[in-house]
>>> print(open('work_8.pdb').read())   # PDB, C-alpha atoms
ATOM      1  CA  MET O1367     -83.196 -24.850 -25.646  1.00  0.00           C
ATOM      2  CA  ALA O1368     -84.571 -27.291 -23.100  1.00  0.00           C
ATOM      3  CA  THR O1369     -86.075 -29.137 -26.054  1.00  0.00           C
ATOM      4  CA  TYR O1370     -82.549 -30.156 -26.996  1.00  0.00           C
ATOM      5  CA  GLY O1371     -81.487 -31.159 -23.488  1.00  0.00           C
ATOM      6  CA  PHE O1372     -79.824 -27.874 -22.545  1.00  0.00           C
ATOM      7  CA  GLU O1373     -81.313 -25.814 -19.758  1.00  0.00           C
ATOM      8  CA  ASP O1374     -79.808 -22.421 -18.988  1.00  0.00           C
ATOM      9  CA  LEU O1375     -80.489 -22.660 -15.260  1.00  0.00           C
ATOM     10  CA  GLN O1376     -78.442 -25.851 -15.002  1.00  0.00           C
ATOM     11  CA  PHE O1377     -75.529 -24.122 -16.722  1.00  0.00           C
ATOM     12  CA  TYR O1378     -75.687 -21.080 -14.422  1.00  0.00           C
ATOM     13  CA  ARG O1379     -75.820 -23.275 -11.323  1.00  0.00           C
ATOM     14  CA  GLU O1380     -72.756 -25.116 -12.564  1.00  0.00           C
ATOM     15  CA  ALA O1381     -70.890 -21.886 -13.336  1.00  0.00           C
ATOM     16  CA  ALA O1382     -71.640 -20.565  -9.830  1.00  0.00           C
ATOM     17  CA  GLN O1383     -69.758 -23.487  -8.251  1.00  0.00           C
ATOM     18  CA  PRO O1384     -66.091 -23.124  -7.318  1.00  0.00           C
ATOM     19  CA  ILE O1385     -63.947 -24.468 -10.158  1.00  0.00           C
ATOM     20  CA  GLU O1386     -62.822 -27.517  -8.185  1.00  0.00           C
ATOM     21  CA  ARG O1387     -66.460 -28.584  -7.576  1.00  0.00           C
ATOM     22  CA  ARG O1388     -67.739 -28.203 -11.144  1.00  0.00           C
ATOM     23  CA  SER O1389     -68.662 -31.285 -13.116  1.00  0.00           C
ATOM     24  CA  LEU O1390     -67.880 -29.418 -16.349  1.00  0.00           C
ATOM     25  CA  ARG O1391     -64.194 -28.697 -16.787  1.00  0.00           C
ATOM     26  CA  GLU O1392     -62.872 -25.610 -18.505  1.00  0.00           C
ATOM     27  CA  GLU O1393     -60.347 -25.864 -21.269  1.00  0.00           C
ATOM     28  CA  THR O1394     -58.775 -22.742 -22.632  1.00  0.00           C
ATOM     29  CA  THR O1395     -57.743 -22.560 -26.220  1.00  0.00           C
ATOM     30  CA  GLY O1396     -56.559 -20.074 -28.728  1.00  0.00           C
ATOM     31  CA  GLY O1397     -56.495 -19.835 -32.452  1.00  0.00           C
ATOM     32  CA  VAL O1398     -59.174 -19.904 -35.098  1.00  0.00           C
ATOM     33  CA  LEU O1399     -61.922 -21.658 -33.109  1.00  0.00           C
ATOM     34  CA  ARG O1400     -61.611 -19.223 -30.218  1.00  0.00           C
ATOM     35  CA  ASP O1401     -61.694 -16.252 -32.580  1.00  0.00           C
ATOM     36  CA  GLN O1402     -64.801 -17.638 -34.303  1.00  0.00           C
ATOM     37  CA  ALA O1403     -66.527 -18.211 -30.954  1.00  0.00           C
ATOM     38  CA  VAL O1404     -65.720 -14.670 -29.805  1.00  0.00           C
ATOM     39  CA  GLU O1405     -67.159 -13.250 -33.011  1.00  0.00           C
ATOM     40  CA  VAL O1406     -70.396 -15.237 -32.617  1.00  0.00           C
ATOM     41  CA  LEU O1407     -70.816 -14.005 -29.043  1.00  0.00           C
ATOM     42  CA  ARG O1408     -70.080 -10.401 -30.044  1.00  0.00           C
ATOM     43  CA  ARG O1409     -72.689 -10.507 -32.801  1.00  0.00           C
ATOM     44  CA  ARG O1410     -75.223 -11.917 -30.344  1.00  0.00           C
ATOM     45  CA  ALA O1411     -74.388  -9.244 -27.774  1.00  0.00           C
ATOM     46  CA  ASP O1412     -74.842  -6.523 -30.402  1.00  0.00           C
ATOM     47  CA  LYS O1413     -78.465  -7.626 -30.844  1.00  0.00           C
ATOM     48  CA  LEU O1414     -79.354  -7.276 -27.152  1.00  0.00           C
ATOM     49  CA  PRO O1415     -81.530  -4.315 -26.113  1.00  0.00           C
ATOM     50  CA  SER O1416     -78.838  -2.847 -23.857  1.00  0.00           C
ATOM     51  CA  PRO O1417     -75.051  -2.904 -24.136  1.00  0.00           C
ATOM     52  CA  VAL O1418     -73.108  -5.759 -22.610  1.00  0.00           C
ATOM     53  CA  GLU O1419     -70.450  -4.661 -20.118  1.00  0.00           C
ATOM     54  CA  PRO O1420     -67.457  -6.988 -19.826  1.00  0.00           C
ATOM     55  CA  LYS O1421     -67.199  -8.516 -16.355  1.00  0.00           C
ATOM     56  CA  PHE O1422     -63.403  -8.653 -16.376  1.00  0.00           C
TER      57      PHE O1422
END
>>> encode(input="work_8.pdb", output="structure tokens")
Amino acid sequence: MATYGFEDLQFYREAAQPIERRSLREETTGGVLRDQAVEVLRRRADKLPSPVEPKF
């Protein structure tokens, strides 16, 4: 993904920061787009070699 300007490590460093110090802001949403995103992530998780345990 770094080829396209997205590096995982940068994302994880950002996510580890307290919310008030992050440069990326979170926006919660509902509806069709959220449902589609959840489905994409579930399909991806199903392909992993070991089960994904929800963190919360």
>>> axis_aligned_box(input="work_8.pdb", around="range 1405-1412 of chain O", padding_each_side="6 Å", output="lines of an AutoDock Vina configuration file")
center_x = -71.2
center_y = -10.9
center_z = -30.4
size_x = 20.1
size_y = 20.7
size_z = 17.2
>>> closest_residue(input="work_8.pdb", among="O:Asp1412, O:Thr1395, O:Leu1390, O:Arg1400", to="Tyr1378 in chain O", atoms="all atoms listed in the file")
O:Leu1390
>>> residues_around(input="work_8.pdb", residues="Ala1381 in chain O", least_positions_apart="6", cutoff="12 Å", atoms="all atoms listed in the file", output="list in words")
Asp1374, Leu1375, Arg1387, Arg1388, Ser1389, Leu1390, Arg1391 and Glu1392 of chain O
>>> atom_distance(input="work_8.pdb", atom1="CA of Arg1379 in chain O", atom2="CA of Asp1401 in chain O")
26.5 Å
>>> build_atoms(input="work_8.pdb", residues="range 1387-1408 of chain O", atoms="N, CA and C atoms", output="compact mmCIF listing (two decimals), in the frame of the given file")
# COMPACT_ATOMS: atom_id res chain seq x y z
N ARG O 1387 -65.24 -27.81 -7.81
CA ARG O 1387 -66.46 -28.58 -7.58
C ARG O 1387 -67.32 -28.74 -8.83
N ARG O 1388 -66.94 -28.13 -9.92
CA ARG O 1388 -67.74 -28.20 -11.14
C ARG O 1388 -67.61 -29.57 -11.80
N SER O 1389 -68.72 -30.03 -12.37
CA SER O 1389 -68.66 -31.28 -13.12
C SER O 1389 -68.21 -31.04 -14.56
N LEU O 1390 -68.36 -29.80 -15.02
CA LEU O 1390 -67.88 -29.42 -16.35
C LEU O 1390 -66.52 -28.75 -16.19
N ARG O 1391 -65.54 -29.25 -16.87
CA ARG O 1391 -64.19 -28.70 -16.79
C ARG O 1391 -63.98 -27.67 -17.88
N GLU O 1392 -63.21 -26.65 -17.54
CA GLU O 1392 -62.87 -25.61 -18.50
C GLU O 1392 -61.58 -25.96 -19.21
N GLU O 1393 -61.56 -25.71 -20.49
CA GLU O 1393 -60.35 -25.86 -21.27
C GLU O 1393 -60.17 -24.58 -22.05
N THR O 1394 -59.03 -23.96 -21.89
CA THR O 1394 -58.78 -22.74 -22.63
C THR O 1394 -58.08 -23.10 -23.94
N THR O 1395 -58.34 -22.32 -24.92
CA THR O 1395 -57.74 -22.56 -26.22
C THR O 1395 -57.54 -21.24 -26.93
N GLY O 1396 -56.78 -21.26 -27.92
CA GLY O 1396 -56.56 -20.07 -28.73
C GLY O 1396 -56.80 -20.43 -30.17
N GLY O 1397 -56.42 -19.53 -31.04
CA GLY O 1397 -56.50 -19.84 -32.45
C GLY O 1397 -57.82 -19.54 -33.10
N VAL O 1398 -58.03 -20.18 -34.23
CA VAL O 1398 -59.17 -19.90 -35.10
C VAL O 1398 -60.51 -20.19 -34.41
N LEU O 1399 -60.64 -21.33 -33.74
CA LEU O 1399 -61.92 -21.66 -33.11
C LEU O 1399 -62.30 -20.65 -32.03
N ARG O 1400 -61.32 -20.22 -31.24
CA ARG O 1400 -61.61 -19.22 -30.22
C ARG O 1400 -62.06 -17.92 -30.87
N ASP O 1401 -61.34 -17.49 -31.88
CA ASP O 1401 -61.69 -16.25 -32.58
C ASP O 1401 -63.10 -16.32 -33.17
N GLN O 1402 -63.45 -17.47 -33.74
CA GLN O 1402 -64.80 -17.64 -34.30
C GLN O 1402 -65.86 -17.58 -33.20
N ALA O 1403 -65.57 -18.22 -32.07
CA ALA O 1403 -66.53 -18.21 -30.95
C ALA O 1403 -66.72 -16.80 -30.41
N VAL O 1404 -65.64 -16.05 -30.29
CA VAL O 1404 -65.72 -14.67 -29.80
C VAL O 1404 -66.58 -13.84 -30.75
N GLU O 1405 -66.39 -14.01 -32.03
CA GLU O 1405 -67.16 -13.25 -33.01
C GLU O 1405 -68.65 -13.58 -32.92
N VAL O 1406 -68.99 -14.84 -32.76
CA VAL O 1406 -70.40 -15.24 -32.62
C VAL O 1406 -71.00 -14.58 -31.38
N LEU O 1407 -70.30 -14.61 -30.27
CA LEU O 1407 -70.82 -14.00 -29.04
C LEU O 1407 -70.94 -12.49 -29.17
N ARG O 1408 -70.00 -11.86 -29.84
CA ARG O 1408 -70.08 -10.40 -30.04
C ARG O 1408 -71.29 -10.03 -30.90
